[in-house]
file structure17.cif (mmCIF, C-alpha atoms)
data_work
loop_
_atom_site.label_atom_id
_atom_site.label_comp_id
_atom_site.auth_asym_id
_atom_site.auth_seq_id
_atom_site.Cartn_x
_atom_site.Cartn_y
_atom_site.Cartn_z
CA MET J 1284 0.00 0.00 0.00
CA ALA J 1285 1.23 3.47 -0.82
CA LYS J 1286 2.48 5.19 2.26
CA ILE J 1287 1.77 8.79 3.14
CA GLN J 1288 4.74 11.10 3.49
CA VAL J 1289 4.46 13.53 6.39
CA LYS J 1290 6.66 16.44 7.36
CA THR J 1291 6.17 17.76 10.85
CA LYS J 1292 8.02 19.31 13.76
CA ILE J 1293 8.58 17.17 16.85
CA ASN J 1294 10.07 18.86 19.91
CA GLY J 1295 11.34 21.63 17.68
CA GLU J 1296 13.02 19.32 15.18
CA GLU J 1297 11.90 18.99 11.56
CA THR J 1298 10.90 15.36 11.14
CA GLU J 1299 9.80 13.37 8.13
CA PHE J 1300 8.17 9.98 8.21
CA LEU J 1301 6.10 7.59 6.13
CA CYS J 1302 2.86 6.23 7.53
CA GLN J 1303 -0.25 4.25 6.67
CA PRO J 1304 -3.64 6.01 6.66
CA TYR J 1305 -4.78 4.24 9.84
CA ASP J 1306 -1.54 4.89 11.76
CA THR J 1307 -1.91 7.15 14.77
CA VAL J 1308 0.71 9.62 15.93
CA LEU J 1309 1.30 7.25 18.84
CA ASP J 1310 2.05 4.36 16.44
CA VAL J 1311 4.59 6.44 14.54
CA LEU J 1312 6.25 7.87 17.65
CA ARG J 1313 6.75 4.51 19.32
CA ARG J 1314 7.22 2.15 16.38
CA ASP J 1315 8.98 4.23 13.74
CA LEU J 1316 10.65 7.12 15.53
CA ASN J 1317 11.70 5.09 18.56
CA MET J 1318 10.27 7.74 20.88
CA THR J 1319 8.86 5.40 23.48
CA GLY J 1320 8.48 7.99 26.25
CA THR J 1321 4.88 8.45 25.17
CA LYS J 1322 3.06 5.42 26.56
CA GLU J 1323 0.36 3.30 24.98
CA VAL J 1324 -2.25 1.99 27.40
CA CYS J 1325 -5.91 2.13 26.37
CA SER J 1326 -5.70 3.33 22.74
CA THR J 1327 -9.19 4.80 23.05
CA GLY J 1328 -8.58 8.23 24.57
CA ASP J 1329 -9.66 7.24 28.06
CA CYS J 1330 -6.40 7.07 30.00
CA GLY J 1331 -4.24 9.98 28.85
CA ALA J 1332 -0.97 7.99 28.99
CA CYS J 1333 -0.23 9.00 25.39
CA SER J 1334 -0.77 12.74 25.96
CA ILE J 1335 1.17 15.09 23.69
CA THR J 1336 0.57 18.63 22.55
CA MET J 1337 -0.11 19.50 18.92
CA ASP J 1338 0.18 23.19 18.05
CA GLY J 1339 0.06 23.83 21.79
CA ARG J 1340 -3.17 21.89 22.32
CA LEU J 1341 -3.25 18.93 24.70
CA VAL J 1342 -4.43 15.79 22.86
CA CYS J 1343 -4.26 12.00 23.09
CA SER J 1344 -1.79 10.84 20.45
CA CYS J 1345 -3.81 7.62 20.06
CA LEU J 1346 -6.70 9.72 18.73
CA VAL J 1347 -4.74 11.67 16.13
CA LEU J 1348 -3.89 10.13 12.77
CA ALA J 1349 -0.24 10.48 11.86
CA ALA J 1350 -1.28 11.80 8.44
CA GLU J 1351 -2.99 14.74 10.14
CA THR J 1352 0.26 16.08 11.56
CA GLU J 1353 1.58 17.62 8.33
CA ASP J 1354 3.12 21.02 9.19
CA LYS J 1355 2.16 20.72 12.83
CA ASN J 1356 4.18 21.39 15.93
CA ILE J 1357 4.28 18.38 18.21
CA GLU J 1358 5.68 18.28 21.73
CA THR J 1359 6.24 15.00 23.54
CA ILE J 1360 7.69 14.01 26.91
CA GLU J 1361 11.12 13.70 25.24
CA GLY J 1362 11.12 17.46 24.72
CA MET J 1363 10.36 18.32 28.32
CA ALA J 1364 13.83 18.30 29.91
CA LYS J 1365 16.05 20.95 28.33
CA ASN J 1366 19.82 20.47 27.97
CA GLY J 1367 19.82 17.68 30.51
CA ASN J 1368 17.88 19.75 33.07
CA PHE J 1369 14.53 18.60 34.36
CA ASN J 1370 11.45 20.70 33.82
CA VAL J 1371 10.17 21.98 37.17
CA LEU J 1372 7.30 19.46 37.04
CA GLN J 1373 9.69 16.54 36.57
CA LYS J 1374 11.58 17.77 39.63
CA THR J 1375 8.50 18.20 41.84
CA PHE J 1376 7.11 14.81 40.74
CA LEU J 1377 10.30 13.22 42.05
CA GLU J 1378 10.35 15.31 45.24
CA HIS J 1379 6.74 14.44 46.02
CA ALA J 1380 7.06 10.79 44.99
CA ALA J 1381 4.22 11.41 42.56
CA LEU J 1382 4.79 8.16 40.69
CA GLN J 1383 5.06 4.49 41.42
CA CYS J 1384 4.98 2.25 38.36
CA GLY J 1385 5.55 5.26 36.11
CA ILE J 1386 3.41 4.31 33.13
CA CYS J 1387 1.04 7.26 33.54
CA THR J 1388 3.84 9.69 34.39
CA PRO J 1389 4.81 11.00 30.92
CA GLY J 1390 1.16 11.72 30.15
CA MET J 1391 0.63 13.32 33.56
CA LEU J 1392 3.67 15.54 33.06
CA VAL J 1393 2.67 16.62 29.55
CA ALA J 1394 -0.91 17.35 30.70
CA ALA J 1395 0.21 19.20 33.84
CA LYS J 1396 2.67 21.29 31.83
CA SER J 1397 -0.11 22.28 29.48
CA LEU J 1398 -2.25 23.36 32.47
CA LEU J 1399 0.54 25.46 34.01
CA GLU J 1400 1.19 27.17 30.70
CA LYS J 1401 -2.42 28.37 30.79
CA ASN J 1402 -2.74 28.97 34.51
CA THR J 1403 0.17 29.25 36.97
CA ASN J 1404 -2.16 29.41 39.95
CA PRO J 1405 -4.72 26.61 39.56
CA THR J 1406 -6.88 25.55 42.48
CA GLU J 1407 -6.80 21.94 43.60
CA THR J 1408 -10.18 21.42 41.89
CA GLU J 1409 -8.86 22.89 38.65
CA ILE J 1410 -5.85 20.57 38.75
CA ARG J 1411 -8.03 17.54 39.42
CA TYR J 1412 -10.44 18.40 36.60
CA TRP J 1413 -7.63 19.15 34.16
CA LEU J 1414 -5.99 15.80 34.95
CA ALA J 1415 -9.30 13.88 34.92
CA GLY J 1416 -8.28 12.38 31.58
CA ASN J 1417 -5.04 10.96 33.00
CA LEU J 1418 -5.59 7.73 34.88
CA CYS J 1419 -3.17 6.52 37.56
CA ARG J 1420 -3.75 3.19 39.28
CA CYS J 1421 -0.92 3.55 41.83
CA THR J 1422 -0.71 6.87 43.57
CA GLY J 1423 -4.30 7.71 44.42
CA TYR J 1424 -3.60 11.07 42.70
CA ASP J 1425 -2.90 13.03 45.88
CA LYS J 1426 0.84 13.15 45.44
CA ILE J 1427 0.44 14.08 41.80
CA VAL J 1428 -1.82 17.01 42.70
CA LYS J 1429 0.67 18.14 45.38
CA ALA J 1430 3.54 17.93 42.90
CA VAL J 1431 1.64 20.07 40.39
CA GLN J 1432 0.84 22.60 43.13
CA ALA J 1433 4.51 22.73 44.12
CA ALA J 1434 5.58 23.24 40.52
CA ALA J 1435 3.01 26.00 40.09
CA GLU J 1436 4.33 27.71 43.20
CA GLU J 1437 7.88 27.51 41.93
CA ILE J 1438 6.86 28.93 38.55
CA ARG J 1439 5.08 31.84 40.26
CA GLU J 1440 8.09 32.55 42.50
CA ASN J 1441 10.43 32.63 39.53
CA ALA J 1442 8.14 34.75 37.37
CA MET E 1090 -6.94 -4.65 2.84
CA SER E 1091 -7.51 -2.58 -0.25
CA GLU E 1092 -5.91 0.80 -0.63
CA VAL E 1093 -7.07 3.24 2.04
CA LYS E 1094 -7.03 6.88 1.02
CA PHE E 1095 -6.43 9.86 3.28
CA ILE E 1096 -7.52 13.19 1.84
CA SER E 1097 -7.26 16.63 3.42
CA PRO E 1098 -9.04 19.12 1.14
CA GLU E 1099 -8.74 22.86 1.63
CA THR E 1100 -12.15 23.91 0.33
CA ILE E 1101 -15.70 22.76 1.00
CA GLU E 1102 -16.20 22.11 -2.72
CA GLN E 1103 -13.20 19.76 -2.85
CA ALA E 1104 -14.44 17.94 0.25
CA VAL E 1105 -17.98 17.57 -1.09
CA ASP E 1106 -16.68 16.42 -4.46
CA ALA E 1107 -14.39 13.81 -2.91
CA TYR E 1108 -17.06 12.71 -0.45
CA SER E 1109 -19.83 12.27 -3.00
CA LYS E 1110 -17.57 10.36 -5.41
CA SER E 1111 -15.89 8.09 -2.87
CA SER E 1112 -19.03 7.27 -0.91
CA LYS E 1113 -20.57 5.86 -4.08
CA GLU E 1114 -17.71 3.39 -4.40
CA GLY E 1115 -17.06 2.48 -0.82
CA LYS E 1116 -17.02 3.48 2.79
CA THR E 1117 -15.95 7.02 3.40
CA LYS E 1118 -15.65 8.73 6.76
CA ILE E 1119 -15.34 12.41 7.48
CA LEU E 1120 -12.64 13.10 10.07
CA ALA E 1121 -13.19 16.07 12.37
CA GLY E 1122 -11.74 15.69 15.89
CA GLY E 1123 -11.55 11.92 15.48
CA THR E 1124 -12.41 11.23 19.12
CA ASP E 1125 -15.18 8.84 18.06
CA LEU E 1126 -13.95 7.83 14.61
CA LEU E 1127 -10.47 6.69 15.64
CA VAL E 1128 -11.90 4.54 18.41
CA GLN E 1129 -14.31 3.00 15.89
CA ILE E 1130 -11.46 2.33 13.45
CA ARG E 1131 -9.25 0.81 16.14
CA SER E 1132 -12.03 -1.50 17.35
CA GLY E 1133 -12.96 -2.55 13.83
CA ILE E 1134 -16.49 -1.08 14.01
CA SER E 1135 -15.56 1.26 11.19
CA GLN E 1136 -13.11 0.37 8.41
CA PRO E 1137 -13.36 3.28 5.95
CA ASP E 1138 -11.50 3.03 2.66
CA THR E 1139 -11.41 6.82 2.38
CA ILE E 1140 -10.84 9.26 5.23
CA ILE E 1141 -11.53 12.92 4.53
CA ASP E 1142 -9.93 15.25 7.08
CA ILE E 1143 -11.99 18.46 7.00
CA LYS E 1144 -9.83 20.43 9.43
CA ASN E 1145 -7.84 22.22 6.74
CA ILE E 1146 -10.99 23.92 5.45
CA LYS E 1147 -11.10 27.49 6.71
CA GLU E 1148 -14.89 27.81 7.11
CA LEU E 1149 -15.08 24.71 9.28
CA LYS E 1150 -12.56 26.12 11.76
CA GLU E 1151 -13.93 29.65 11.90
CA ILE E 1152 -15.69 31.44 14.74
CA SER E 1153 -17.45 34.66 13.79
CA ASN E 1154 -19.77 37.07 15.53
CA ASP E 1155 -21.96 39.20 13.30
CA ASN E 1156 -23.58 41.76 15.56
CA GLY E 1157 -24.38 39.16 18.22
CA SER E 1158 -25.17 36.25 15.90
CA TYR E 1159 -22.51 33.60 16.20
CA THR E 1160 -21.37 31.24 13.47
CA ILE E 1161 -19.23 28.36 14.73
CA GLY E 1162 -17.36 26.11 12.30
CA ALA E 1163 -18.30 22.44 12.50
CA ALA E 1164 -14.74 21.36 13.39
CA VAL E 1165 -13.96 23.98 16.06
CA ALA E 1166 -12.69 22.07 19.12
CA GLY E 1167 -14.21 22.55 22.57
CA ALA E 1168 -10.99 23.95 24.04
CA VAL E 1169 -10.83 26.51 21.22
CA LEU E 1170 -14.44 27.63 21.64
CA ASP E 1171 -13.85 27.89 25.39
CA GLU E 1172 -11.26 30.60 24.76
CA GLU E 1173 -13.86 32.68 22.87
CA GLU E 1174 -15.00 34.44 26.02
CA ASP E 1175 -17.97 36.23 24.54
CA PHE E 1176 -19.48 33.04 23.15
CA GLY E 1177 -19.62 31.61 26.66
CA ASN E 1178 -21.34 34.79 27.87
CA ASN E 1179 -23.99 34.47 25.17
CA TRP E 1180 -24.51 30.72 25.18
CA PRO E 1181 -23.20 29.36 28.48
CA GLY E 1182 -25.46 26.31 28.19
CA VAL E 1183 -24.10 25.33 24.77
CA LEU E 1184 -20.53 25.82 25.92
CA GLU E 1185 -20.97 23.85 29.14
CA ALA E 1186 -22.62 21.01 27.20
CA LEU E 1187 -19.76 20.80 24.71
CA ARG E 1188 -17.15 21.13 27.48
CA LEU E 1189 -18.70 18.22 29.41
CA ILE E 1190 -17.59 15.81 26.69
CA GLY E 1191 -14.53 13.87 27.77
CA SER E 1192 -11.25 15.07 29.23
CA GLU E 1193 -9.14 18.12 28.40
CA GLN E 1194 -7.32 15.91 25.88
CA ILE E 1195 -10.63 15.09 24.16
CA GLN E 1196 -11.57 18.78 24.30
CA GLY E 1197 -8.48 19.60 22.27
CA ARG E 1198 -10.15 17.81 19.35
CA ALA E 1199 -13.87 17.16 19.88
CA SER E 1200 -16.21 19.47 17.96
CA LEU E 1201 -19.89 20.40 17.73
CA GLY E 1202 -20.00 19.02 14.19
CA GLY E 1203 -18.53 15.70 15.25
CA ASN E 1204 -20.86 15.36 18.20
CA LEU E 1205 -23.83 16.07 15.91
CA CYS E 1206 -22.77 13.69 13.11
CA ASN E 1207 -21.82 10.87 15.47
CA ALA E 1208 -25.55 10.95 16.23
CA SER E 1209 -25.45 9.32 19.63
CA PRO E 1210 -28.78 9.82 21.43
CA ALA E 1211 -26.67 10.83 24.45
CA GLY E 1212 -24.47 13.41 22.69
CA ASP E 1213 -24.22 16.23 25.22
CA SER E 1214 -24.06 19.24 22.93
CA VAL E 1215 -27.15 18.30 20.91
CA PRO E 1216 -29.91 19.18 23.43
CA ALA E 1217 -28.13 22.47 24.17
CA LEU E 1218 -27.93 23.27 20.45
CA ILE E 1219 -31.62 22.46 20.04
CA ALA E 1220 -32.59 24.67 22.98
CA SER E 1221 -30.49 27.55 21.63
CA GLY E 1222 -32.48 27.52 18.39
CA ALA E 1223 -29.31 27.13 16.34
CA THR E 1224 -29.42 25.87 12.77
CA VAL E 1225 -26.83 23.86 10.94
CA LYS E 1226 -25.54 24.71 7.47
CA LEU E 1227 -24.99 21.73 5.19
CA GLN E 1228 -23.29 21.63 1.84
CA GLY E 1229 -23.54 18.84 -0.68
CA PRO E 1230 -23.38 18.17 -4.41
CA GLU E 1231 -26.75 19.89 -4.82
CA GLY E 1232 -25.72 22.99 -2.92
CA GLU E 1233 -26.30 24.49 0.49
CA ARG E 1234 -29.19 24.11 2.88
CA ASN E 1235 -29.96 24.98 6.46
CA MET E 1236 -31.67 22.79 8.98
CA PRO E 1237 -32.81 23.22 12.59
CA ILE E 1238 -30.78 20.92 14.86
CA GLU E 1239 -33.91 19.09 16.01
CA SER E 1240 -34.50 17.90 12.42
CA PHE E 1241 -30.99 16.55 11.90
CA HIS E 1242 -31.23 13.11 13.47
CA VAL E 1243 -33.28 10.12 12.40
CA GLY E 1244 -32.16 7.61 15.03
CA PRO E 1245 -29.08 6.34 16.83
CA GLY E 1246 -26.16 6.84 14.43
CA LYS E 1247 -28.50 8.00 11.66
CA THR E 1248 -28.83 11.50 10.25
CA ASN E 1249 -30.68 13.35 7.51
CA LEU E 1250 -27.44 14.09 5.65
CA LYS E 1251 -27.69 13.23 1.96
CA ASN E 1252 -24.98 11.48 -0.01
CA GLY E 1253 -21.93 13.73 -0.21
CA GLU E 1254 -23.29 16.29 2.22
CA ILE E 1255 -21.13 17.69 5.02
CA VAL E 1256 -21.84 19.92 8.00
CA VAL E 1257 -20.23 23.34 7.49
CA ASN E 1258 -21.17 25.39 10.53
CA PHE E 1259 -23.68 26.24 13.22
CA GLN E 1260 -25.58 29.49 13.11
CA PHE E 1261 -26.90 30.82 16.41
CA PRO E 1262 -29.72 33.33 16.63
CA LYS E 1263 -28.94 36.70 18.18
CA LYS E 1264 -29.28 36.25 21.92
CA GLN E 1265 -32.41 37.99 23.22
CA LYS E 1266 -32.20 40.47 26.06
CA HIS E 1267 -32.98 38.79 29.40
CA SER E 1268 -32.59 35.33 28.00
CA GLY E 1269 -30.41 32.53 29.31
CA ASP E 1270 -29.63 28.91 28.58
CA ALA E 1271 -28.35 26.01 30.66
CA TYR E 1272 -27.54 22.34 30.20
CA LEU E 1273 -27.37 19.70 32.88
CA ARG E 1274 -26.78 16.00 32.61
CA MET E 1275 -27.16 13.13 35.00
CA ILE E 1276 -24.19 10.76 35.20
CA PRO E 1277 -23.31 8.29 37.96
CA ARG E 1278 -19.86 9.86 38.45
CA THR E 1279 -18.66 13.47 38.50
CA GLU E 1280 -16.66 13.56 35.25
CA MET E 1281 -16.00 11.71 32.02
CA ASP E 1282 -19.15 9.73 31.54
CA ILE E 1283 -22.06 9.35 29.14
CA ALA E 1284 -25.35 11.06 29.97
CA VAL E 1285 -28.15 8.98 31.48
CA VAL E 1286 -30.37 12.01 30.95
CA GLY E 1287 -29.43 15.42 29.56
CA CYS E 1288 -31.63 18.50 29.65
CA ALA E 1289 -31.18 21.94 28.10
CA VAL E 1290 -33.41 24.94 28.74
CA ASN E 1291 -33.36 28.36 27.07
CA VAL E 1292 -35.77 31.02 28.37
CA THR E 1293 -36.48 34.69 27.65
CA ILE E 1294 -38.10 36.80 30.35
CA GLU E 1295 -39.94 40.12 30.03
CA ASN E 1296 -41.45 41.81 33.10
CA ASP E 1297 -41.12 38.56 35.06
CA LYS E 1298 -43.09 36.70 32.41
CA CYS E 1299 -41.72 33.93 30.26
CA VAL E 1300 -42.03 35.14 26.67
CA ASP E 1301 -40.02 32.41 25.01
CA ALA E 1302 -38.82 28.96 26.05
CA ARG E 1303 -37.15 26.00 24.40
CA VAL E 1304 -36.65 22.76 26.26
CA ALA E 1305 -34.64 19.81 24.92
CA LEU E 1306 -33.82 16.37 26.29
CA GLY E 1307 -31.01 13.95 25.49
CA ALA E 1308 -30.39 10.24 26.18
CA VAL E 1309 -34.08 9.50 26.74
CA ALA E 1310 -35.14 8.63 23.18
CA PRO E 1311 -33.57 7.43 19.90
CA THR E 1312 -32.69 11.08 19.16
CA ALA E 1313 -32.42 14.24 21.23
CA LEU E 1314 -35.85 15.86 21.54
CA LEU E 1315 -37.32 19.34 21.41
CA VAL E 1316 -40.11 19.17 23.99
CA GLU E 1317 -42.64 21.61 22.55
CA ASP E 1318 -45.27 20.89 25.18
CA ALA E 1319 -42.82 21.97 27.87
CA SER E 1320 -42.18 25.22 26.00
CA LYS E 1321 -45.93 25.82 25.70
CA ALA E 1322 -46.45 25.24 29.41
CA LEU E 1323 -43.79 27.85 30.25
CA ILE E 1324 -44.55 30.59 27.73
CA GLY E 1325 -46.88 33.19 29.24
CA SER E 1326 -46.30 31.93 32.78
CA ASN E 1327 -44.44 33.58 35.66
CA PHE E 1328 -42.70 30.24 36.22
CA GLU E 1329 -45.29 29.55 38.91
CA LYS E 1330 -45.27 26.08 40.43
CA GLU E 1331 -48.16 24.77 38.33
CA ALA E 1332 -46.61 25.85 35.03
CA VAL E 1333 -43.22 24.35 35.92
CA GLU E 1334 -44.87 21.11 37.03
CA LYS E 1335 -46.84 20.95 33.79
CA ALA E 1336 -43.66 21.45 31.78
CA ALA E 1337 -41.86 18.80 33.84
CA LEU E 1338 -44.66 16.33 33.14
CA ALA E 1339 -44.37 17.16 29.43
CA CYS E 1340 -40.67 16.23 29.65
CA GLU E 1341 -41.51 12.94 31.30
CA ALA E 1342 -44.18 12.21 28.67
CA ALA E 1343 -41.73 12.93 25.84
CA CYS E 1344 -39.26 10.31 27.08
CA ASN E 1345 -39.00 7.06 25.19
CA PRO E 1346 -35.80 5.70 26.68
CA ILE E 1347 -33.97 2.40 26.61
CA ASP E 1348 -33.48 0.22 29.66
CA ASP E 1349 -29.77 -0.40 30.16
CA LYS E 1350 -27.01 -0.62 32.72
CA ARG E 1351 -26.82 3.18 32.90
CA GLY E 1352 -30.44 3.65 33.84
CA THR E 1353 -33.81 1.97 33.74
CA ILE E 1354 -36.75 3.42 31.84
CA SER E 1355 -38.55 4.57 34.98
CA TYR E 1356 -35.36 6.10 36.38
CA ARG E 1357 -34.62 8.05 33.21
CA LYS E 1358 -38.20 9.33 33.09
CA LYS E 1359 -38.12 10.46 36.68
CA VAL E 1360 -34.72 12.11 36.33
CA SER E 1361 -35.88 14.01 33.23
CA LYS E 1362 -38.36 15.92 35.42
CA VAL E 1363 -35.81 16.69 38.12
CA LEU E 1364 -33.13 17.71 35.68
CA PHE E 1365 -35.54 19.92 33.76
CA LYS E 1366 -36.45 21.83 36.92
CA ARG E 1367 -32.80 22.33 37.85
CA ALA E 1368 -31.79 23.41 34.36
CA LEU E 1369 -34.78 25.79 34.25
CA GLU E 1370 -33.72 27.39 37.53
CA LYS E 1371 -30.23 27.94 36.19
CA ALA E 1372 -31.51 29.34 32.88
CA ILE E 1373 -33.87 31.75 34.71
CA GLU E 1374 -31.04 32.96 36.92
CA ARG E 1375 -28.91 33.66 33.82
CA ALA E 1376 -31.81 35.31 31.99
CA LYS E 1377 -32.39 37.70 34.89
CA ARG E 1378 -28.73 38.68 34.88
CA GLY E 1379 -28.72 39.66 31.24
#

call {"tool": "encode", "arguments": {"input": "structure17.cif", "output": "structure tokens"}}
result
Amino acid sequence: MAKIQVKTKINGEETEFLCQPYDTVLDVLRRDLNMTGTKEVCSTGDCGACSITMDGRLVCSCLVLAAETEDKNIETIEGMAKNGNFNVLQKTFLEHAALQCGICTPGMLVAAKSLLEKNTNPTETEIRYWLAGNLCRCTGYDKIVKAVQAAAEEIRENA
Amino acid sequence: MSEVKFISPETIEQAVDAYSKSSKEGKTKILAGGTDLLVQIRSGISQPDTIIDIKNIKELKEISNDNGSYTIGAAVAGAVLDEEEDFGNNWPGVLEALRLIGSEQIQGRASLGGNLCNASPAGDSVPALIASGATVKLQGPEGERNMPIESFHVGPGKTNLKNGEIVVNFQFPKKQKHSGDAYLRMIPRTEMDIAVVGCAVNVTIENDKCVDARVALGAVAPTALLVEDASKALIGSNFEKEAVEKAALACEAACNPIDDKRGTISYRKKVSKVLFKRALEKAIERAKRG
């Protein structure tokens, strides 16, 4: 079958790939581009483990066709740490032990980053609603919420 | 598998042309936000041989406000519409209905057009659109036409779209002074669920009297319903207890629900009355404010 050629930007880098019409962004990231930081869990948009941003918008990469990403700007978990330095959220997640098995963590981080870019002073309710699409079966969410609050505080202090 | 085609046209004409040709030969699906379609493809429920991505068409992504009358492109995502502050001031009920669908991730993609065309009886935005009095603009091989939202659906998953016809945008009437809309849904949890009952109310008040009312229900019949008897009971009233009760009974009478794990028939009927009263209260409060 003829493959579709796609040119897109991933974490600031021009990227070209070939894909099938039914391939999702998640398929291409993990299978073809060897970017396995983005996790595959439910594949139906329920769990948020595959969260990425596309043109700054938080989306599930399992619900975006790879062919749709022509000329888009994609950010994944791999682009979060800069020059070997953790993003503030990565740091506070570690400090607050906001992960156990770690499968939900990349999605949580990407989603939380997208919230803090919109709102550096979210209430606990706002954090919980924003992260309602990211399922975690280990932590009970409390530590995750605290880590996001701590990161928000740090961002506000450094503003 | 035969060759699957992915097309992303830049004009409505190109999309309609491709859609009408390909749907004669095989299974074609229009791709808006993809939050339903991709799940259907992955599970094998839908195996289209042509996918037409309509998100590169300008009109379908546009939001415009012509002197208080909004036009919202069919593929505008919930998170995008949410940032259009004035739309939420005019049609808070429509916005809250659309924003109830799924998580923030889903909101980055899910659209009014997709929710309408997916044609689930429980689609949250549909009752709110009906109550608002919005119409939908369709374009097909035979040209353009407009349709009230309440005429769009035939049954679960079935619409009145003709071969090759696509949804272009939603046109909202100019919001009346002292009018307000609201949408509420009943779900067993607090977030991320499918409505057991949904109810939208839009009222206009003049000198404490109800001069206009539209009431719509979702998830209680094969399609979302405009409950005209409820509107009739409210119009001309001061929202006195008897009038509200009469309208609530009209809601209950309009229900023709299924019995399933989410809710029994008698439960859905009962909840339709309760939800109507709560949504009405919220709509009245908003109408009085502006």

call {"tool": "interface_residues", "arguments": {"input": "structure17.cif", "of": "chain J", "to": "chain E", "cutoff": "7 Å", "atoms": "all atoms listed in the file", "output": "PyMOL selection string"}}
result
chain J and resi 1284+1304+1327+1340-1343+1346-1347+1413+1415-1416

call {"tool": "atom_distance", "arguments": {"input": "structure17.cif", "atom1": "atom CA of E:Ala1343", "atom2": "atom CA of E:Arg1274"}}
result
16.7 Å

call {"tool": "resolve_selection", "arguments": {"input": "structure17.cif", "expression": "the PyMOL selection byres ((chain J and resi 1418) around 6)", "output": "mmCIF file with C-alpha atoms, keeping the file's coordinate frame"}}
result
data_model
loop_
_atom_site.group_PDB
_atom_site.id
_atom_site.type_symbol
_atom_site.label_atom_id
_atom_site.label_comp_id
_atom_site.auth_asym_id
_atom_site.auth_seq_id
_atom_site.Cartn_x
_atom_site.Cartn_y
_atom_site.Cartn_z
ATOM 1 C CA CYS J 1330 -6.400 7.070 30.000
ATOM 2 C CA ASN J 1417 -5.040 10.960 33.000
ATOM 3 C CA CYS J 1419 -3.170 6.520 37.560
#

call {"tool": "closest_atom_pairs", "arguments": {"input": "structure17.cif", "of": "stretch 1331-1398 of chain J", "to": "stretch 1425-1433 of chain J", "cutoff": "6 Å", "atoms": "all atoms listed in the file", "output": "tab-separated table"}}
result
residue	atom	partner	partner_atom	distance
J:Thr1375	CA	J:Ala1430	CA	5.1
J:Phe1376	CA	J:Ala1430	CA	5.2
J:His1379	CA	J:Ala1430	CA	5.7
J:Ala1381	CA	J:Ile1427	CA	4.7

call {"tool": "residues_around", "arguments": {"input": "structure17.cif", "residues": "J:Arg1313", "least_positions_apart": "2", "cutoff": "12 Å", "atoms": "only C-alpha atoms", "output": "ChimeraX atom specification"}}
result
/J:1306-1311,1315-1323,1333,1344-1345,1349,1359,1361

call {"tool": "write_last_selection", "arguments": {"input": "structure17.cif", "atoms": "C-alpha atoms", "output": "short mmCIF file (atom, residue, chain, number, x, y, z; two decimals), in the frame of the given file"}}
result
data_model
loop_
_atom_site.label_atom_id
_atom_site.label_comp_id
_atom_site.auth_asym_id
_atom_site.auth_seq_id
_atom_site.Cartn_x
_atom_site.Cartn_y
_atom_site.Cartn_z
CA ASP J 1306 -1.54 4.89 11.76
CA THR J 1307 -1.91 7.15 14.77
CA VAL J 1308 0.71 9.62 15.93
CA LEU J 1309 1.30 7.25 18.84
CA ASP J 1310 2.05 4.36 16.44
CA VAL J 1311 4.59 6.44 14.54
CA ASP J 1315 8.98 4.23 13.74
CA LEU J 1316 10.65 7.12 15.53
CA ASN J 1317 11.70 5.09 18.56
CA MET J 1318 10.27 7.74 20.88
CA THR J 1319 8.86 5.40 23.48
CA GLY J 1320 8.48 7.99 26.25
CA THR J 1321 4.88 8.45 25.17
CA LYS J 1322 3.06 5.42 26.56
CA GLU J 1323 0.36 3.30 24.98
CA CYS J 1333 -0.23 9.00 25.39
CA SER J 1344 -1.79 10.84 20.45
CA CYS J 1345 -3.81 7.62 20.06
CA ALA J 1349 -0.24 10.48 11.86
CA THR J 1359 6.24 15.00 23.54
CA GLU J 1361 11.12 13.70 25.24
#

call {"tool": "atom_distance", "arguments": {"input": "structure17.cif", "atom1": "atom CA of J:Ala1435", "atom2": "atom CA of J:Leu1399"}}
result
6.6 Å

call {"tool": "resolve_selection", "arguments": {"input": "structure17.cif", "expression": "the PyMOL selection byres ((chain J and resi 1395) around 9)", "output": "list of chain:residue names"}}
result
J:Leu1372, J:Gly1390, J:Met1391, J:Leu1392, J:Val1393, J:Ala1394, J:Lys1396, J:Ser1397, J:Leu1398, J:Leu1399, J:Glu1400, J:Ile1410, J:Trp1413, J:Leu1414, J:Val1431

call {"tool": "resolve_selection", "arguments": {"input": "structure17.cif", "expression": "the PyMOL selection byres ((chain E and resi 1265) around 10)", "output": "number ranges by chain"}}
result
E: 1157, 1179, 1262-1264, 1266-1269, 1292-1294, 1301, 1376, 1379

call {"tool": "closest_residue", "arguments": {"input": "structure17.cif", "among": "E:Ala1322, E:Ile1347, E:Ala1104, E:Val1316", "to": "E:Lys1335", "atoms": "only C-alpha atoms"}}
result
E:Ala1322

call {"tool": "atom_distance", "arguments": {"input": "structure17.cif", "atom1": "atom CA of E:Ile1152", "atom2": "atom CA of E:Met1236"}}
result
19.1 Å

call {"tool": "closest_residue", "arguments": {"input": "structure17.cif", "among": "E:Asp1270, E:Ala1217, E:Phe1176, E:Ala1310", "to": "E:Ile1354", "atoms": "all atoms listed in the file"}}
result
E:Ala1310

call {"tool": "axis_aligned_box", "arguments": {"input": "structure17.cif", "around": "stretch 1224-1234 of chain E", "padding_each_side": "5 Å", "output": "AutoDock Vina command-line options"}}
result
--center_x -26.4 --center_y 22.0 --center_z 4.0 --size_x 16.1 --size_y 17.7 --size_z 27.6

call {"tool": "residues_around", "arguments": {"input": "structure17.cif", "residues": "E:Thr1160", "least_positions_apart": "2", "cutoff": "9 Å", "atoms": "all atoms listed in the file", "output": "list in words"}}
result
Glu1151, Ile1152, Ser1153, Asn1154, Asp1155, Ser1158, Gly1162, Asn1258, Phe1259, Gln1260 and Phe1261 of chain E
